[in-house]
$ cat coords24.txt   # compact mmCIF, C-alpha atoms
# COMPACT_ATOMS: atom_id res chain seq x y z
CA MET H 1 -18.86 1.67 -8.42
CA THR H 2 -16.42 -1.21 -8.16
CA LEU H 3 -15.81 -2.42 -4.68
CA SER H 4 -14.56 -5.94 -4.37
CA PRO H 5 -10.93 -7.05 -4.39
CA ALA H 6 -11.87 -9.42 -7.18
CA ALA H 7 -12.94 -6.51 -9.33
CA HIS H 8 -9.71 -4.70 -8.62
CA ALA H 9 -7.71 -7.78 -9.54
CA ALA H 10 -9.59 -7.89 -12.81
CA ALA H 11 -8.56 -4.31 -13.49
CA VAL H 12 -4.87 -5.13 -13.20
CA PRO H 13 -3.68 -6.74 -16.42
CA VAL H 14 -2.67 -10.40 -16.57
CA LEU H 15 0.55 -11.01 -18.48
CA LEU H 16 1.24 -14.51 -19.79
CA THR H 17 4.63 -15.88 -20.78
CA GLN H 18 5.70 -19.36 -21.78
CA ARG H 19 5.91 -20.56 -18.19
CA LEU H 20 4.44 -17.76 -16.10
CA ARG H 21 1.28 -15.89 -15.23
CA LEU H 22 1.69 -12.34 -13.88
CA ARG H 23 -1.38 -11.02 -12.05
CA ALA H 24 -2.50 -8.49 -9.41
CA PRO H 25 -0.90 -8.79 -5.96
CA ARG H 26 -3.13 -10.59 -3.50
CA LEU H 27 -3.05 -10.82 0.26
CA ALA H 28 -1.65 -14.36 0.39
CA ASP H 29 1.46 -13.12 -1.45
CA PHE H 30 2.44 -11.16 1.64
CA GLU H 31 3.49 -14.26 3.56
CA HIS H 32 6.09 -15.13 0.91
CA TRP H 33 7.46 -11.61 1.06
CA ALA H 34 7.51 -11.62 4.89
CA ALA H 35 9.34 -14.95 4.87
CA PHE H 36 11.89 -13.55 2.42
CA LEU H 37 12.43 -10.39 4.46
CA ALA H 38 12.91 -12.46 7.63
CA THR H 39 16.00 -14.17 6.19
CA GLU H 40 19.51 -13.13 5.20
CA ARG H 41 18.46 -13.42 1.54
CA SER H 42 16.91 -9.97 1.96
CA VAL H 43 20.18 -8.24 2.88
CA HIS H 44 20.16 -6.35 -0.45
CA GLU H 45 16.61 -5.12 0.24
CA GLY H 46 17.51 -3.64 3.61
CA GLY H 47 16.62 -6.83 5.51
CA PRO H 48 16.34 -8.90 7.52
CA LYS H 49 13.15 -7.20 8.77
CA GLY H 50 10.21 -8.15 10.96
CA ARG H 51 6.59 -8.52 9.92
CA GLN H 52 5.69 -4.88 10.62
CA SER H 53 8.36 -3.61 8.25
CA ALA H 54 7.54 -6.37 5.78
CA TRP H 55 3.93 -5.26 5.76
CA GLU H 56 4.83 -1.60 5.24
CA ALA H 57 6.90 -2.58 2.23
CA TRP H 58 4.36 -4.97 0.79
CA ALA H 59 1.39 -2.66 1.36
CA ALA H 60 3.27 -0.15 -0.76
CA THR H 61 3.47 -2.75 -3.51
CA ALA H 62 -0.26 -3.28 -3.44
CA ALA H 63 -1.04 0.43 -3.11
CA THR H 64 1.03 1.47 -6.11
CA TRP H 65 -1.61 0.10 -8.48
CA LEU H 66 -4.24 2.27 -6.79
CA LEU H 67 -2.16 5.40 -6.41
CA LYS H 68 -0.22 5.35 -9.67
CA GLY H 69 -2.01 3.01 -12.04
CA TYR H 70 0.97 0.67 -12.35
CA GLY H 71 2.69 -1.66 -9.94
CA ALA H 72 4.22 -5.06 -9.33
CA PHE H 73 2.69 -8.38 -10.30
CA GLY H 74 2.49 -11.62 -8.39
CA VAL H 75 4.24 -14.25 -10.51
CA GLU H 76 2.73 -17.73 -10.71
CA ASP H 77 3.67 -20.96 -12.42
CA ARG H 78 1.18 -21.19 -15.31
CA GLN H 79 0.81 -24.94 -14.92
CA THR H 80 0.56 -25.36 -11.14
CA GLY H 81 -0.46 -21.89 -9.98
CA ALA H 82 2.42 -21.99 -7.48
CA TYR H 83 3.60 -18.56 -6.31
CA LEU H 84 7.10 -17.88 -7.61
CA GLY H 85 7.75 -14.24 -6.78
CA GLU H 86 6.96 -10.63 -7.58
CA VAL H 87 8.11 -8.63 -10.56
CA GLY H 88 7.05 -5.23 -11.79
CA ILE H 89 7.10 -1.52 -11.11
CA TYR H 90 7.87 -0.11 -7.69
CA HIS H 91 7.55 3.56 -6.82
CA GLY H 92 8.28 4.43 -3.21
CA ASP H 93 8.03 8.01 -2.02
CA ASN H 94 11.82 8.35 -2.13
CA PHE H 95 12.26 6.82 -5.60
CA PRO H 96 13.38 9.22 -8.33
CA ALA H 97 11.12 7.47 -10.87
CA PRO H 98 9.19 4.22 -11.37
CA GLU H 99 11.53 1.26 -10.92
CA LEU H 100 11.58 -2.20 -12.47
CA GLY H 101 12.30 -4.70 -9.70
CA TRP H 102 12.04 -8.41 -9.02
CA PHE H 103 11.98 -10.98 -6.25
CA VAL H 104 11.69 -14.76 -6.49
CA VAL H 105 11.13 -17.40 -3.82
CA PRO H 106 14.13 -19.66 -3.10
CA GLU H 107 12.64 -22.60 -5.03
CA ALA H 108 12.39 -20.46 -8.16
CA GLU H 109 15.98 -19.20 -8.16
CA GLY H 110 18.35 -20.02 -10.99
CA LYS H 111 15.60 -20.94 -13.48
CA GLY H 112 15.29 -17.67 -15.37
CA ILE H 113 11.95 -16.91 -13.74
CA ALA H 114 12.74 -13.30 -12.85
CA ARG H 115 14.16 -12.70 -16.32
CA GLU H 116 11.13 -14.15 -18.09
CA ALA H 117 8.74 -12.14 -15.92
CA ALA H 118 10.72 -8.91 -16.16
CA GLN H 119 10.86 -9.24 -19.94
CA ALA H 120 7.07 -9.50 -19.99
CA VAL H 121 6.80 -6.37 -17.85
CA LEU H 122 9.14 -4.46 -20.18
CA ASP H 123 7.04 -5.53 -23.16
CA TRP H 124 3.90 -4.40 -21.34
CA LEU H 125 5.47 -1.00 -20.53
CA ARG H 126 6.37 -0.53 -24.19
CA GLU H 127 2.75 -1.17 -25.07
CA VAL H 128 0.89 0.88 -22.47
CA THR H 129 3.20 3.76 -21.52
CA ASP H 130 5.03 6.51 -23.32
CA TRP H 131 7.98 6.27 -20.94
CA PRO H 132 11.35 6.61 -22.73
CA HIS H 133 12.93 4.22 -20.25
CA VAL H 134 12.55 2.59 -16.87
CA THR H 135 15.37 2.01 -14.42
CA SER H 136 16.37 -0.74 -12.04
CA ILE H 137 17.98 0.57 -8.87
CA ILE H 138 20.25 -2.03 -7.30
CA GLU H 139 22.60 -2.17 -4.36
CA PRO H 140 26.20 -2.56 -5.64
CA ALA H 141 26.75 -5.84 -3.77
CA ASN H 142 23.71 -7.48 -5.38
CA ALA H 143 25.66 -9.02 -8.24
CA ARG H 144 22.87 -11.40 -9.31
CA SER H 145 20.37 -8.61 -9.80
CA ILE H 146 22.88 -6.45 -11.64
CA ALA H 147 23.62 -9.39 -13.95
CA LEU H 148 19.92 -9.90 -14.57
CA GLY H 149 19.40 -6.21 -15.33
CA LEU H 150 22.12 -6.40 -17.96
CA ARG H 151 20.84 -9.72 -19.40
CA LEU H 152 17.51 -7.99 -19.93
CA GLY H 153 19.29 -5.58 -22.25
CA GLY H 154 19.67 -2.80 -19.71
CA VAL H 155 22.71 -0.55 -19.59
CA LEU H 156 24.51 0.98 -16.63
CA ASP H 157 23.70 4.68 -16.47
CA THR H 158 25.66 6.77 -14.00
CA THR H 159 23.79 9.94 -14.98
CA LEU H 160 20.44 8.77 -13.58
CA PRO H 161 19.71 9.03 -9.86
CA GLY H 162 19.28 6.04 -7.58
CA ILE H 163 17.73 6.02 -4.13
CA ASP H 164 20.98 5.93 -2.17
CA PRO H 165 24.02 7.69 -3.67
CA TRP H 166 25.90 4.41 -4.07
CA ASP H 167 23.13 2.59 -5.96
CA VAL H 168 23.76 0.99 -9.32
CA VAL H 169 21.23 2.29 -11.86
CA ILE H 170 20.43 0.22 -14.93
CA ARG H 171 18.45 1.87 -17.70
CA HIS H 172 16.06 -0.16 -19.82
CA ASP H 173 15.20 1.73 -22.98
CA LEU H 174 11.58 1.34 -23.98
CA ARG H 175 11.62 3.19 -27.30
CA ARG H 176 13.53 2.26 -30.40
CA ALA H 177 15.88 4.97 -31.60
CA GLN H 178 14.20 7.07 -34.27
CA GLY H 179 15.45 6.97 -37.86
CA MET F 6 -0.10 7.89 -17.78
CA ILE F 7 -1.42 4.36 -17.81
CA ALA F 8 -5.15 4.14 -18.28
CA LEU F 9 -6.19 1.66 -15.66
CA ALA F 10 -9.63 0.76 -14.35
CA PRO F 11 -11.01 3.04 -11.67
CA CYS F 12 -9.93 2.83 -8.07
CA PRO F 13 -12.17 0.38 -6.22
CA ALA F 14 -12.72 2.84 -3.37
CA PRO F 15 -16.11 4.56 -3.14
CA VAL F 16 -17.05 8.20 -2.57
CA LEU F 17 -19.32 8.68 0.46
CA THR F 18 -21.17 11.94 0.99
CA THR F 19 -22.48 13.25 4.31
CA GLU F 20 -24.10 16.52 5.28
CA ARG F 21 -20.86 18.49 5.44
CA LEU F 22 -18.26 16.06 4.10
CA ARG F 23 -17.15 14.17 1.06
CA LEU F 24 -15.13 11.01 1.74
CA ARG F 25 -13.05 10.23 -1.33
CA PRO F 26 -10.26 7.86 -2.41
CA MET F 27 -6.67 8.69 -1.53
CA VAL F 28 -4.48 10.14 -4.27
CA PRO F 29 -0.71 10.71 -4.44
CA GLY F 30 -1.26 14.41 -3.74
CA ASP F 31 -2.46 13.52 -0.24
CA TRP F 32 1.00 12.27 0.72
CA PRO F 33 2.77 15.54 1.77
CA ALA F 34 0.14 16.53 4.33
CA TYR F 35 -0.18 12.95 5.55
CA ALA F 36 3.59 12.62 5.95
CA ALA F 37 3.76 15.92 7.82
CA LEU F 38 1.08 14.78 10.26
CA MET F 39 2.76 11.42 10.81
CA ALA F 40 6.08 13.17 11.53
CA SER F 41 4.46 15.54 14.05
CA ASP F 42 3.49 15.20 17.67
CA ARG F 43 -0.10 14.72 16.51
CA ALA F 44 0.95 11.16 15.61
CA CYS F 45 1.98 10.31 19.16
CA HIS F 46 -1.43 8.75 19.85
CA MET F 47 -1.01 6.51 16.80
CA GLY F 48 2.32 5.04 17.86
CA GLY F 49 4.35 7.78 16.21
CA PRO F 50 5.86 10.16 15.36
CA PHE F 51 6.90 8.09 12.33
CA ASP F 52 9.92 8.50 10.08
CA THR F 53 9.24 8.91 6.38
CA PRO F 54 9.61 5.24 5.36
CA ALA F 55 7.22 4.13 8.11
CA ALA F 56 4.75 6.88 7.24
CA TRP F 57 4.87 5.86 3.58
CA GLY F 58 4.11 2.28 4.64
CA LEU F 59 1.09 3.48 6.58
CA PHE F 60 -0.10 5.65 3.71
CA CYS F 61 0.15 2.70 1.35
CA HIS F 62 -1.52 0.37 3.85
CA ASP F 63 -4.44 2.78 4.05
CA ALA F 64 -4.84 2.84 0.27
CA ALA F 65 -4.09 -0.83 -0.41
CA GLY F 66 -6.96 -2.15 1.66
CA TRP F 67 -9.42 -1.36 -1.13
CA ALA F 68 -7.50 -3.68 -3.43
CA LEU F 69 -6.73 -6.40 -0.91
CA TRP F 70 -9.95 -6.75 1.06
CA GLY F 71 -12.35 -4.23 -0.39
CA LEU F 72 -12.19 -1.77 2.50
CA GLY F 73 -9.63 0.91 3.23
CA ALA F 74 -9.18 4.57 3.98
CA LEU F 75 -10.84 7.65 2.51
CA MET F 76 -9.73 11.25 2.76
CA ILE F 77 -12.20 13.61 4.42
CA GLU F 78 -12.98 16.70 2.36
CA ARG F 79 -15.12 19.59 3.57
CA ARG F 80 -17.83 19.95 0.95
CA ALA F 81 -18.11 23.70 1.43
CA ASP F 82 -14.61 24.42 0.14
CA GLY F 83 -13.02 21.11 -0.91
CA VAL F 84 -10.36 21.35 1.78
CA THR F 85 -9.00 18.00 2.99
CA VAL F 86 -9.47 17.99 6.75
CA GLY F 87 -8.32 14.46 7.60
CA GLN F 88 -8.79 10.79 6.95
CA VAL F 89 -11.06 8.00 8.06
CA GLY F 90 -10.24 4.39 7.39
CA ILE F 91 -10.85 0.71 7.79
CA SER F 92 -7.76 -1.33 8.61
CA LYS F 93 -7.26 -5.04 8.72
CA GLY F 94 -4.65 -7.43 7.50
CA PRO F 95 -2.05 -9.75 8.95
CA LEU F 96 -1.10 -7.38 11.76
CA PHE F 97 -4.60 -6.58 13.06
CA PRO F 98 -6.50 -8.80 15.50
CA GLU F 99 -9.84 -7.36 14.28
CA THR F 100 -11.05 -4.98 11.64
CA GLU F 101 -10.49 -1.41 12.80
CA LEU F 102 -12.26 1.86 12.15
CA GLY F 103 -9.85 4.77 12.62
CA TRP F 104 -9.85 8.51 12.02
CA MET F 105 -7.52 11.47 12.18
CA LEU F 106 -7.88 15.17 11.56
CA TYR F 107 -5.29 17.62 10.37
CA ALA F 108 -4.37 20.47 12.71
CA GLY F 109 -7.01 23.17 12.92
CA PHE F 110 -9.99 21.00 12.00
CA GLU F 111 -10.71 19.49 15.42
CA GLY F 112 -13.73 20.26 17.54
CA GLN F 113 -16.25 20.51 14.71
CA GLY F 114 -17.53 16.94 14.69
CA PHE F 115 -15.83 16.03 11.41
CA ALA F 116 -14.32 12.78 12.73
CA THR F 117 -17.65 11.66 14.13
CA GLU F 118 -19.53 12.52 10.95
CA ALA F 119 -16.98 10.78 8.72
CA GLY F 120 -16.57 7.84 11.09
CA ALA F 121 -20.30 7.20 11.15
CA ALA F 122 -20.49 7.18 7.35
CA LEU F 123 -17.64 4.73 6.89
CA ARG F 124 -18.86 2.60 9.79
CA ASP F 125 -22.25 2.27 8.15
CA PHE F 126 -20.63 1.46 4.81
CA ALA F 127 -18.31 -1.16 6.32
CA MET F 128 -20.52 -2.75 8.93
CA ASP F 129 -22.17 -5.30 6.66
CA ARG F 130 -18.87 -6.26 5.09
CA VAL F 131 -16.92 -7.25 8.21
CA PRO F 132 -17.57 -9.72 11.05
CA THR F 133 -16.60 -7.25 13.79
CA LEU F 134 -15.48 -3.63 13.93
CA VAL F 135 -13.46 -1.95 16.68
CA SER F 136 -11.50 1.26 17.19
CA TYR F 137 -8.11 1.19 18.92
CA VAL F 138 -7.46 4.41 20.82
CA GLY F 139 -4.24 5.40 22.57
CA PRO F 140 -4.76 5.56 26.35
CA GLN F 141 -4.02 9.31 26.47
CA ASN F 142 -6.10 10.21 23.43
CA ALA F 143 -9.19 11.63 25.10
CA ALA F 144 -10.42 13.39 21.96
CA SER F 145 -10.45 10.17 19.97
CA ALA F 146 -12.07 8.22 22.79
CA ALA F 147 -14.80 10.87 22.82
CA VAL F 148 -15.37 10.36 19.09
CA ALA F 149 -15.70 6.59 19.63
CA LEU F 150 -18.27 7.16 22.33
CA ARG F 151 -20.16 9.68 20.20
CA LEU F 152 -20.27 7.00 17.50
CA GLY F 153 -22.05 4.79 20.00
CA ALA F 154 -19.15 2.38 20.37
CA VAL F 155 -18.72 0.58 23.68
CA SER F 156 -15.45 0.02 25.53
CA ASP F 157 -14.33 -3.61 25.37
CA PRO F 158 -11.46 -4.16 27.83
CA ALA F 159 -11.25 -7.87 26.93
CA ALA F 160 -10.65 -7.31 23.21
CA PRO F 161 -7.31 -8.48 21.81
CA ARG F 162 -4.73 -5.77 21.06
CA GLN F 163 -1.95 -5.57 18.54
CA PRO F 164 1.39 -6.73 19.96
CA GLY F 165 3.02 -3.82 21.76
CA ASP F 166 -0.24 -1.88 22.04
CA ASP F 167 -1.45 -3.48 25.26
CA GLU F 168 -2.43 -0.09 26.72
CA ASP F 169 -4.81 0.78 23.88
CA LEU F 170 -8.45 1.33 24.67
CA VAL F 171 -10.71 -0.74 22.43
CA PHE F 172 -14.18 0.48 21.46
CA ARG F 173 -16.54 -1.95 19.80
CA HIS F 174 -18.97 -0.71 17.16
CA ALA F 175 -22.41 -2.17 16.77
CA ARG F 176 -24.99 -2.10 14.03
CA GLY F 177 -27.58 0.59 14.50
CA ALA F 178 -25.48 2.64 16.90
CA ARG F 179 -26.20 6.34 17.05
CA ALA F 180 -24.33 9.16 15.28

$ encode --input "coords24.txt" --output "structure tokens"
Amino acid sequence: MTLSPAAHAAAVPVLLTQRLRLRAPRLADFEHWAAFLATERSVHEGGPKGRQSAWEAWAATAATWLLKGYGAFGVEDRQTGAYLGEVGIYHGDNFPAPELGWFVVPEAEGKGIAREAAQAVLDWLREVTDWPHVTSIIEPANARSIALGLRLGGVLDTTLPGIDPWDVVIRHDLRRAQG
Amino acid sequence: MIALAPCPAPVLTTERLRLRPMVPGDWPAYAALMASDRACHMGGPFDTPAAWGLFCHDAAGWALWGLGALMIERRADGVTVGQVGISKGPLFPETELGWMLYAGFEGQGFATEAGAALRDFAMDRVPTLVSYVGPQNAASAAVALRLGAVSDPAAPRQPGDDEDLVFRHARGARA
């Protein structure tokens, strides 16, 4: 029987990239998320929101690993250990399918952090799942996230459902075409 | 799907009950309860997004601090009759022991039996343990008292829950 948070963290894979370390969410990450949701930066995530709503959202992030076996990673600077954001798979009750999403702290913006982390997550999904694709579901006004989804090699797919009817859905293929 | 290490939540067995980790299949019944008048003593009824947040909070505790919620199954037939859970985190002044039963399973001592098992499991892992009970929730207050908990009017409440009754659990209490 495994009981401690440390043991759980060990069960979530660690993904390493050139600059980043992706690891299990931990409680201290919540404060970064709450700070983000308290500001206008979170307008594309339904914010600004208070701590109660921030906790509901973030608890879902942590719970996804337990309930589904996949989830989002806390992203750290490999050198300093500094928290840079959260990237990985989200799956709320109203999501049509698992979603690839990302969030970075203000200091980490514009440095390709989300792209580097999301690429690592896509590589991991190719390795451990048999999913044909994963989608990113993005509010139409969130131009930066749409641009990132496309830079990752994703394609706009109007045939796949979003969460809200107006959502932009970007499909990331995980399997090479046969033949 | 993805083969991940086992859920860090335990299974606890009592005379009549099996307390087991939450699974995605528990969500529909949980959401229905949280949307109903039964949730009024818990600060509800809750809309679906809020209920999902609570459901995830209940499960996530096992990953974040090693204690969380377990579903209550009746051993005789495997029916899920409710949930018992430990809550803490940034929004809680103290670690909480809570319980709820689905409609039709009240009055049989299930909450007390499950609450005692999780209390005993959690007691050595937390500095203090209390139960917050809505001021009109006589049935839940009765469970707290049956568990041997003692009313603590001076205990801190969550913001906005100033009317809550607080029952403090102690090691070696009865039930």

$ interface_residues --input "coords24.txt" --of "chain F" --to "chain H" --cutoff "10 Å" --atoms "all atoms listed in the file" --output "ChimeraX atom specification"
/F:6-16,26-30,32-33,53-72,94-96

$ atom_distance --input "coords24.txt" --atom1 "atom CA of H:Pro48" --atom2 "atom CA of H:Phe36"
8.2 Å

$ atom_distance --input "coords24.txt" --atom1 "atom CA of F:Leu102" --atom2 "atom CA of F:Tyr35"
17.7 Å

$ residues_around --input "coords24.txt" --residues "F:Val171" --least-positions-apart "2" --cutoff "12 Å" --atoms "only C-alpha atoms" --output "number ranges by chain"
F: 98-103, 134-140, 142, 145-146, 149-150, 154-163, 166-169, 173-174

$ atom_distance --input "coords24.txt" --atom1 "atom CA of F:Met105" --atom2 "atom CA of F:Ala81"
19.4 Å

$ closest_residue --input "coords24.txt" --among "H:Thr80, H:Gln18, H:Thr135, H:Asn142" --to "H:Leu156" --atoms "only C-alpha atoms"
H:Thr135

$ residues_around --input "coords24.txt" --residues "H:Pro96" --least-positions-apart "4" --cutoff "8 Å" --atoms "only C-alpha atoms" --output "list in words"
Pro161, Gly162 and Ile163 of chain H

$ residues_around --input "coords24.txt" --residues "F:Thr117" --least-positions-apart "5" --cutoff "8 Å" --atoms "only C-alpha atoms" --output "MDAnalysis selection string"
chainID F and resid 148:149 151:152 180

$ closest_residue --input "coords24.txt" --among "H:Ala117, H:Pro106, H:Arg78, H:Phe95" --to "H:Pro165" --atoms "only C-alpha atoms"
H:Phe95

$ decode --input "coords24.txt" --residues "stretch 104-171 of chain H" --atoms "C-alpha atoms" --output "PDB file, in the first residue's frame"
ATOM      1  CA  VAL H 104       3.451  29.693 -17.698  1.00  0.00           C
ATOM      2  CA  VAL H 105       4.238  32.259 -15.024  1.00  0.00           C
ATOM      3  CA  PRO H 106       4.801  35.825 -16.286  1.00  0.00           C
ATOM      4  CA  GLU H 107       8.597  35.589 -15.886  1.00  0.00           C
ATOM      5  CA  ALA H 108       8.673  32.562 -18.183  1.00  0.00           C
ATOM      6  CA  GLU H 109       6.682  34.087 -21.041  1.00  0.00           C
ATOM      7  CA  GLY H 110       8.214  34.568 -24.467  1.00  0.00           C
ATOM      8  CA  LYS H 111      11.063  32.087 -23.929  1.00  0.00           C
ATOM      9  CA  GLY H 112       9.589  29.015 -25.584  1.00  0.00           C
ATOM     10  CA  ILE H 113       9.034  27.323 -22.234  1.00  0.00           C
ATOM     11  CA  ALA H 114       5.474  26.195 -22.937  1.00  0.00           C
ATOM     12  CA  ARG H 115       6.490  24.934 -26.368  1.00  0.00           C
ATOM     13  CA  GLU H 116       9.443  22.943 -25.045  1.00  0.00           C
ATOM     14  CA  ALA H 117       7.332  21.415 -22.277  1.00  0.00           C
ATOM     15  CA  ALA H 118       4.358  20.661 -24.516  1.00  0.00           C
ATOM     16  CA  GLN H 119       6.640  18.972 -27.033  1.00  0.00           C
ATOM     17  CA  ALA H 120       7.931  16.723 -24.264  1.00  0.00           C
ATOM     18  CA  VAL H 121       4.365  15.853 -23.270  1.00  0.00           C
ATOM     19  CA  LEU H 122       3.467  15.009 -26.881  1.00  0.00           C
ATOM     20  CA  ASP H 123       6.521  12.749 -27.106  1.00  0.00           C
ATOM     21  CA  TRP H 124       5.505  11.079 -23.850  1.00  0.00           C
ATOM     22  CA  LEU H 125       1.937  10.514 -25.123  1.00  0.00           C
ATOM     23  CA  ARG H 126       3.318   8.901 -28.280  1.00  0.00           C
ATOM     24  CA  GLU H 127       5.303   6.549 -26.104  1.00  0.00           C
ATOM     25  CA  VAL H 128       2.781   5.540 -23.444  1.00  0.00           C
ATOM     26  CA  THR H 129      -0.652   5.820 -25.071  1.00  0.00           C
ATOM     27  CA  ASP H 130      -2.358   4.440 -28.122  1.00  0.00           C
ATOM     28  CA  TRP H 131      -4.285   7.677 -28.656  1.00  0.00           C
ATOM     29  CA  PRO H 132      -4.516   8.654 -32.349  1.00  0.00           C
ATOM     30  CA  HIS H 133      -4.410  12.326 -31.402  1.00  0.00           C
ATOM     31  CA  VAL H 134      -4.856  14.786 -28.577  1.00  0.00           C
ATOM     32  CA  THR H 135      -6.519  18.170 -28.904  1.00  0.00           C
ATOM     33  CA  SER H 136      -5.920  21.624 -27.518  1.00  0.00           C
ATOM     34  CA  ILE H 137      -9.130  23.528 -26.863  1.00  0.00           C
ATOM     35  CA  ILE H 138      -8.559  27.273 -26.968  1.00  0.00           C
ATOM     36  CA  GLU H 139     -10.699  30.366 -26.718  1.00  0.00           C
ATOM     37  CA  PRO H 140     -10.700  32.183 -30.102  1.00  0.00           C
ATOM     38  CA  ALA H 141      -9.268  35.397 -28.622  1.00  0.00           C
ATOM     39  CA  ASN H 142      -6.256  33.603 -27.153  1.00  0.00           C
ATOM     40  CA  ALA H 143      -4.019  34.227 -30.151  1.00  0.00           C
ATOM     41  CA  ARG H 144      -0.782  33.299 -28.350  1.00  0.00           C
ATOM     42  CA  SER H 145      -2.024  29.861 -27.406  1.00  0.00           C
ATOM     43  CA  ILE H 146      -3.424  29.222 -30.866  1.00  0.00           C
ATOM     44  CA  ALA H 147      -0.052  30.191 -32.344  1.00  0.00           C
ATOM     45  CA  LEU H 148       1.722  27.839 -29.965  1.00  0.00           C
ATOM     46  CA  GLY H 149      -0.638  24.981 -30.810  1.00  0.00           C
ATOM     47  CA  LEU H 150       0.185  25.437 -34.478  1.00  0.00           C
ATOM     48  CA  ARG H 151       3.951  25.799 -33.841  1.00  0.00           C
ATOM     49  CA  LEU H 152       3.800  22.429 -32.111  1.00  0.00           C
ATOM     50  CA  GLY H 153       2.665  20.948 -35.404  1.00  0.00           C
ATOM     51  CA  GLY H 154      -1.026  20.900 -34.552  1.00  0.00           C
ATOM     52  CA  VAL H 155      -3.715  21.567 -37.132  1.00  0.00           C
ATOM     53  CA  LEU H 156      -7.046  23.356 -36.799  1.00  0.00           C
ATOM     54  CA  ASP H 157      -9.828  20.781 -36.833  1.00  0.00           C
ATOM     55  CA  THR H 158     -13.376  22.088 -37.043  1.00  0.00           C
ATOM     56  CA  THR H 159     -14.828  18.577 -36.961  1.00  0.00           C
ATOM     57  CA  LEU H 160     -13.737  17.877 -33.370  1.00  0.00           C
ATOM     58  CA  PRO H 161     -15.770  19.204 -30.443  1.00  0.00           C
ATOM     59  CA  GLY H 162     -14.516  21.849 -28.042  1.00  0.00           C
ATOM     60  CA  ILE H 163     -15.956  22.685 -24.648  1.00  0.00           C
ATOM     61  CA  ASP H 164     -17.852  25.798 -25.702  1.00  0.00           C
ATOM     62  CA  PRO H 165     -19.280  25.907 -29.245  1.00  0.00           C
ATOM     63  CA  TRP H 166     -16.981  28.778 -30.226  1.00  0.00           C
ATOM     64  CA  ASP H 167     -13.746  27.102 -29.094  1.00  0.00           C
ATOM     65  CA  VAL H 168     -10.819  26.684 -31.450  1.00  0.00           C
ATOM     66  CA  VAL H 169      -9.766  23.017 -31.540  1.00  0.00           C
ATOM     67  CA  ILE H 170      -6.231  22.115 -32.565  1.00  0.00           C
ATOM     68  CA  ARG H 171      -5.478  18.471 -33.271  1.00  0.00           C
TER      69      ARG H 171
END
